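Asker: You'll find entry.txt just under this line, and it carries compact mmCIF, C-alpha atoms.
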```txt
# COMPACT_ATOMS: atom_id res chain seq x y z
CA GLN A 1 216.42 231.39 143.39
CA VAL A 2 215.91 228.42 141.13
CA GLN A 3 216.44 228.48 137.39
CA LEU A 4 214.59 226.01 135.19
CA VAL A 5 215.46 225.25 131.58
CA GLU A 6 213.24 223.03 129.45
CA SER A 7 214.37 221.17 126.35
CA GLY A 8 213.23 218.39 124.07
CA GLY A 9 210.25 219.95 122.37
CA GLY A 10 209.67 219.70 118.65
CA LEU A 11 207.40 218.63 115.84
CA VAL A 12 206.10 215.07 115.85
CA LEU A 13 203.45 213.11 114.02
CA ALA A 14 200.34 211.97 115.82
CA GLY A 15 201.04 208.69 117.59
CA GLY A 16 204.68 209.58 118.07
CA SER A 17 206.73 210.18 121.19
CA LEU A 18 208.82 212.92 122.73
CA THR A 19 210.70 213.29 125.98
CA LEU A 20 210.96 216.71 127.59
CA SER A 21 213.66 217.56 130.10
CA CYS A 22 213.80 220.26 132.73
CA ALA A 23 217.16 221.04 134.27
CA ALA A 24 217.20 222.97 137.53
CA SER A 25 220.02 225.04 138.94
CA GLY A 26 220.46 227.45 141.79
CA ARG A 27 219.07 226.72 145.20
CA THR A 28 217.82 223.33 144.13
CA PHE A 29 217.98 221.93 147.65
CA SER A 30 214.85 223.90 148.41
CA MET A 31 212.78 222.21 145.74
CA TYR A 32 210.14 219.89 146.99
CA SER A 33 207.98 219.15 143.97
CA MET A 34 208.14 219.58 140.22
CA GLY A 35 205.36 219.99 137.73
CA TRP A 36 204.69 220.16 134.03
CA PHE A 37 202.05 222.45 132.62
CA ARG A 38 201.05 223.35 129.09
CA GLN A 39 199.35 226.22 127.36
CA ALA A 40 197.85 226.18 123.91
CA PRO A 41 197.10 229.41 122.02
CA GLY A 42 193.99 231.08 123.37
CA LYS A 43 193.71 228.69 126.30
CA GLU A 44 194.62 228.82 129.95
CA ARG A 45 197.66 227.10 131.33
CA GLU A 46 196.72 223.58 132.38
CA PHE A 47 198.22 220.98 134.64
CA VAL A 48 199.88 217.98 133.00
CA ALA A 49 201.85 216.10 135.65
CA ALA A 50 203.59 216.53 139.00
CA LEU A 51 206.31 214.78 140.93
CA ARG A 52 207.11 214.94 144.61
CA TRP A 53 210.78 214.16 145.20
CA ARG A 54 210.04 212.89 148.69
CA GLY A 55 208.03 209.74 148.42
CA ASP A 56 208.40 209.72 144.64
CA ASN A 57 204.70 210.43 144.25
CA THR A 58 203.33 211.33 140.85
CA GLY A 59 200.06 212.74 139.56
CA TYR A 60 198.61 213.26 136.10
CA ALA A 61 195.85 215.09 134.34
CA ASP A 62 193.17 212.73 133.09
CA SER A 63 193.88 213.81 129.52
CA VAL A 64 197.43 212.42 129.63
CA LYS A 65 197.13 209.54 132.08
CA GLY A 66 198.49 206.35 130.57
CA ARG A 67 200.32 208.24 127.82
CA PHE A 68 202.69 210.54 129.72
CA THR A 69 205.16 209.67 132.46
CA ILE A 70 206.91 212.13 134.77
CA SER A 71 210.17 211.10 136.36
CA GLY A 72 213.14 212.72 137.96
CA ASP A 73 216.82 212.36 138.64
CA ASN A 74 217.44 214.07 141.95
CA ALA A 75 221.20 213.80 141.60
CA LYS A 76 221.03 215.69 138.31
CA ASN A 77 218.27 218.05 139.46
CA THR A 78 216.38 217.12 136.32
CA VAL A 79 212.79 216.13 135.74
CA TYR A 80 211.52 214.45 132.58
CA LEU A 81 208.21 214.13 130.83
CA GLN A 82 207.97 211.12 128.56
CA MET A 83 205.12 211.58 126.13
CA SER A 84 203.79 208.81 123.91
CA SER A 85 200.75 208.28 121.71
CA LEU A 86 200.76 211.99 121.11
CA LYS A 87 197.64 213.64 119.75
CA PRO A 88 197.18 216.96 117.93
CA GLU A 89 195.41 218.28 121.02
CA ASP A 90 198.67 217.85 122.95
CA THR A 91 200.10 220.71 120.92
CA ALA A 92 201.12 223.46 123.34
CA LEU A 93 203.96 225.30 124.98
CA TYR A 94 205.10 223.04 127.81
CA TYR A 95 206.40 224.60 131.01
CA CYS A 96 208.35 223.13 133.87
CA ALA A 97 207.71 224.49 137.37
CA ALA A 98 209.15 224.03 140.84
CA ASN A 99 207.43 224.23 144.20
CA SER A 100 209.36 224.67 147.45
CA ASN A 101 206.45 224.08 149.81
CA THR A 102 205.14 220.90 151.34
CA VAL A 103 201.86 220.33 149.55
CA GLY A 104 199.97 217.34 148.26
CA LEU A 105 199.58 216.14 144.71
CA LEU A 106 196.10 217.60 144.34
CA THR A 107 197.36 221.03 145.36
CA LEU A 108 200.17 220.72 142.84
CA ARG A 109 197.59 220.83 140.04
CA ASN A 110 197.23 224.56 140.70
CA PRO A 111 199.83 226.64 138.84
CA ALA A 112 199.61 229.29 141.56
CA GLU A 113 201.32 226.86 143.94
CA TYR A 114 204.62 227.02 142.07
CA ASN A 115 207.43 229.41 142.90
CA TYR A 116 209.54 229.07 139.78
CA TRP A 117 208.88 228.58 136.08
CA GLY A 118 210.91 227.83 133.00
CA GLN A 119 210.53 229.60 129.67
CA GLY A 120 208.75 226.70 128.01
CA THR A 121 209.41 224.37 125.11
CA GLN A 122 207.06 224.04 122.15
CA VAL A 123 205.48 220.70 121.31
CA THR A 124 203.61 220.47 118.02
CA VAL A 125 201.76 217.30 117.04
CA SER A 126 200.63 217.09 113.46
CA SER A 127 197.84 214.82 112.24
```
Written as structure tokens, that's how I'd like the structure from this file.
Answerer:
Amino acid sequence: QVQLVESGGGLVLAGGSLTLSCAASGRTFSMYSMGWFRQAPGKEREFVAALRWRGDNTGYADSVKGRFTISGDNAKNTVYLQMSSLKPEDTALYYCAANSNTVGLLTLRNPAEYNYWGQGTQVTVSS
């Protein structure tokens, strides 16, 4: 089992920045990739970014590319999502997820590929 705890969400003005953190505990040695997803009210959960620990590969949704950066500290079992130039449409509940299988970055865009999920942290961007 892997437990994921997100933090760092909050209220920010449009154009501002936030950094989300996701701390993992439990059988973290089995983690292979980490992802961030978000879900706005009335919408489906959507892919934001993914990180493969091995190879340090990253992938992003087109809507956040150039504004968000995913990174990780393997020693701390923590993954981060640095968000800048935030827009009101970035408002959502942001989830961290872990995948223990060997899959590529494109596959990691599918939330069904993840074994474990955090509870989410709310990000609200006001205009």
Asker: Please, what is the axis-aligned box for every listed atom of region 19-36 of chain A with 3 Å on each side, as centre and edge lengths in Å to one decimal, as JSON?
Answerer:
```
{"center_x": 212.6, "center_y": 220.4, "center_z": 137.2, "size_x": 21.8, "size_y": 20.2, "size_z": 28.4}
```
Asker: Quick one: everything within 10 Å of region 27-44 of chain A, counting all atoms listed in the file, minus sequence neighbours fewer than 6 positions away in the same chain. Send it as JSON, numbers by chain.
Answerer: {"A": [1, 2, 3, 4, 20, 50, 51, 52, 53, 54, 56, 57, 58, 59, 60, 61, 70, 71, 72, 74, 77, 78, 79, 80, 81, 89, 90, 91, 92, 93, 94, 95, 96, 97, 98, 99, 100, 101, 102, 103, 104, 105, 108, 109, 110, 111, 114, 115, 116, 117, 118, 120, 121, 122, 123]}
Asker: Those same residues - C-alpha atoms - I'd like them written as a compact mmCIF listing (two decimals), keeping the file's coordinate frame.
Answerer:
```
# COMPACT_ATOMS: atom_id res chain seq x y z
CA GLN A 1 216.42 231.39 143.39
CA VAL A 2 215.91 228.42 141.13
CA GLN A 3 216.44 228.48 137.39
CA LEU A 4 214.59 226.01 135.19
CA LEU A 20 210.96 216.71 127.59
CA ALA A 50 203.59 216.53 139.00
CA LEU A 51 206.31 214.78 140.93
CA ARG A 52 207.11 214.94 144.61
CA TRP A 53 210.78 214.16 145.20
CA ARG A 54 210.04 212.89 148.69
CA ASP A 56 208.40 209.72 144.64
CA ASN A 57 204.70 210.43 144.25
CA THR A 58 203.33 211.33 140.85
CA GLY A 59 200.06 212.74 139.56
CA TYR A 60 198.61 213.26 136.10
CA ALA A 61 195.85 215.09 134.34
CA ILE A 70 206.91 212.13 134.77
CA SER A 71 210.17 211.10 136.36
CA GLY A 72 213.14 212.72 137.96
CA ASN A 74 217.44 214.07 141.95
CA ASN A 77 218.27 218.05 139.46
CA THR A 78 216.38 217.12 136.32
CA VAL A 79 212.79 216.13 135.74
CA TYR A 80 211.52 214.45 132.58
CA LEU A 81 208.21 214.13 130.83
CA GLU A 89 195.41 218.28 121.02
CA ASP A 90 198.67 217.85 122.95
CA THR A 91 200.10 220.71 120.92
CA ALA A 92 201.12 223.46 123.34
CA LEU A 93 203.96 225.30 124.98
CA TYR A 94 205.10 223.04 127.81
CA TYR A 95 206.40 224.60 131.01
CA CYS A 96 208.35 223.13 133.87
CA ALA A 97 207.71 224.49 137.37
CA ALA A 98 209.15 224.03 140.84
CA ASN A 99 207.43 224.23 144.20
CA SER A 100 209.36 224.67 147.45
CA ASN A 101 206.45 224.08 149.81
CA THR A 102 205.14 220.90 151.34
CA VAL A 103 201.86 220.33 149.55
CA GLY A 104 199.97 217.34 148.26
CA LEU A 105 199.58 216.14 144.71
CA LEU A 108 200.17 220.72 142.84
CA ARG A 109 197.59 220.83 140.04
CA ASN A 110 197.23 224.56 140.70
CA PRO A 111 199.83 226.64 138.84
CA TYR A 114 204.62 227.02 142.07
CA ASN A 115 207.43 229.41 142.90
CA TYR A 116 209.54 229.07 139.78
CA TRP A 117 208.88 228.58 136.08
CA GLY A 118 210.91 227.83 133.00
CA GLY A 120 208.75 226.70 128.01
CA THR A 121 209.41 224.37 125.11
CA GLN A 122 207.06 224.04 122.15
CA VAL A 123 205.48 220.70 121.31
```
Asker: Could you tell me how far CA of Gly10 (chain A) lies from CA of Phe68 (chain A), in Å and to one decimal?
Answerer: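 Taking CA of Gly10 (chain A) and CA of Phe68 (chain A), their separation equals 16.0 Å.
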Asker: Quick one: residues within 8 Å of (205.3, 215.6, 111.2) (file frame), counting all atoms listed in the file, please, as a PDB file with C-alpha atoms, keeping the file's coordinate frame.
Answerer:
```pdb
ATOM      1  CA  LEU A  11     207.400 218.630 115.840  1.00  0.00           C
ATOM      2  CA  VAL A  12     206.100 215.070 115.850  1.00  0.00           C
ATOM      3  CA  LEU A  13     203.450 213.110 114.020  1.00  0.00           C
ATOM      4  CA  ALA A  14     200.340 211.970 115.820  1.00  0.00           C
ATOM      5  CA  VAL A 125     201.760 217.300 117.040  1.00  0.00           C
ATOM      6  CA  SER A 126     200.630 217.090 113.460  1.00  0.00           C
ATOM      7  CA  SER A 127     197.840 214.820 112.240  1.00  0.00           C
TER       8      SER A 127
END
```
Asker: Using Å and a single decimal, report how far CA of Thr107 (chain A) sits from CA of Lys87 (chain A).
Answerer: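 Pair CA of Lys87 (chain A) / CA of Thr107 (chain A) returns 26.7 Å.
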Asker: Can you measure CA of Lys65 (chain A) to CA of Gly9 (chain A) for me? One decimal in Å is fine.
Answerer: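 According to the coordinates, CA of Lys65 (chain A) and CA of Gly9 (chain A) are separated by 19.4 Å.
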Asker: Which residue out of A:Phe47, A:Ser63, A:Gly15, A:Gln82 has the minimum interatomic distance to Ala112 (chain A) when only C-alpha atoms are used?
Answerer: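 Selected residue with least distance to Ala112 (chain A): A:Phe47.
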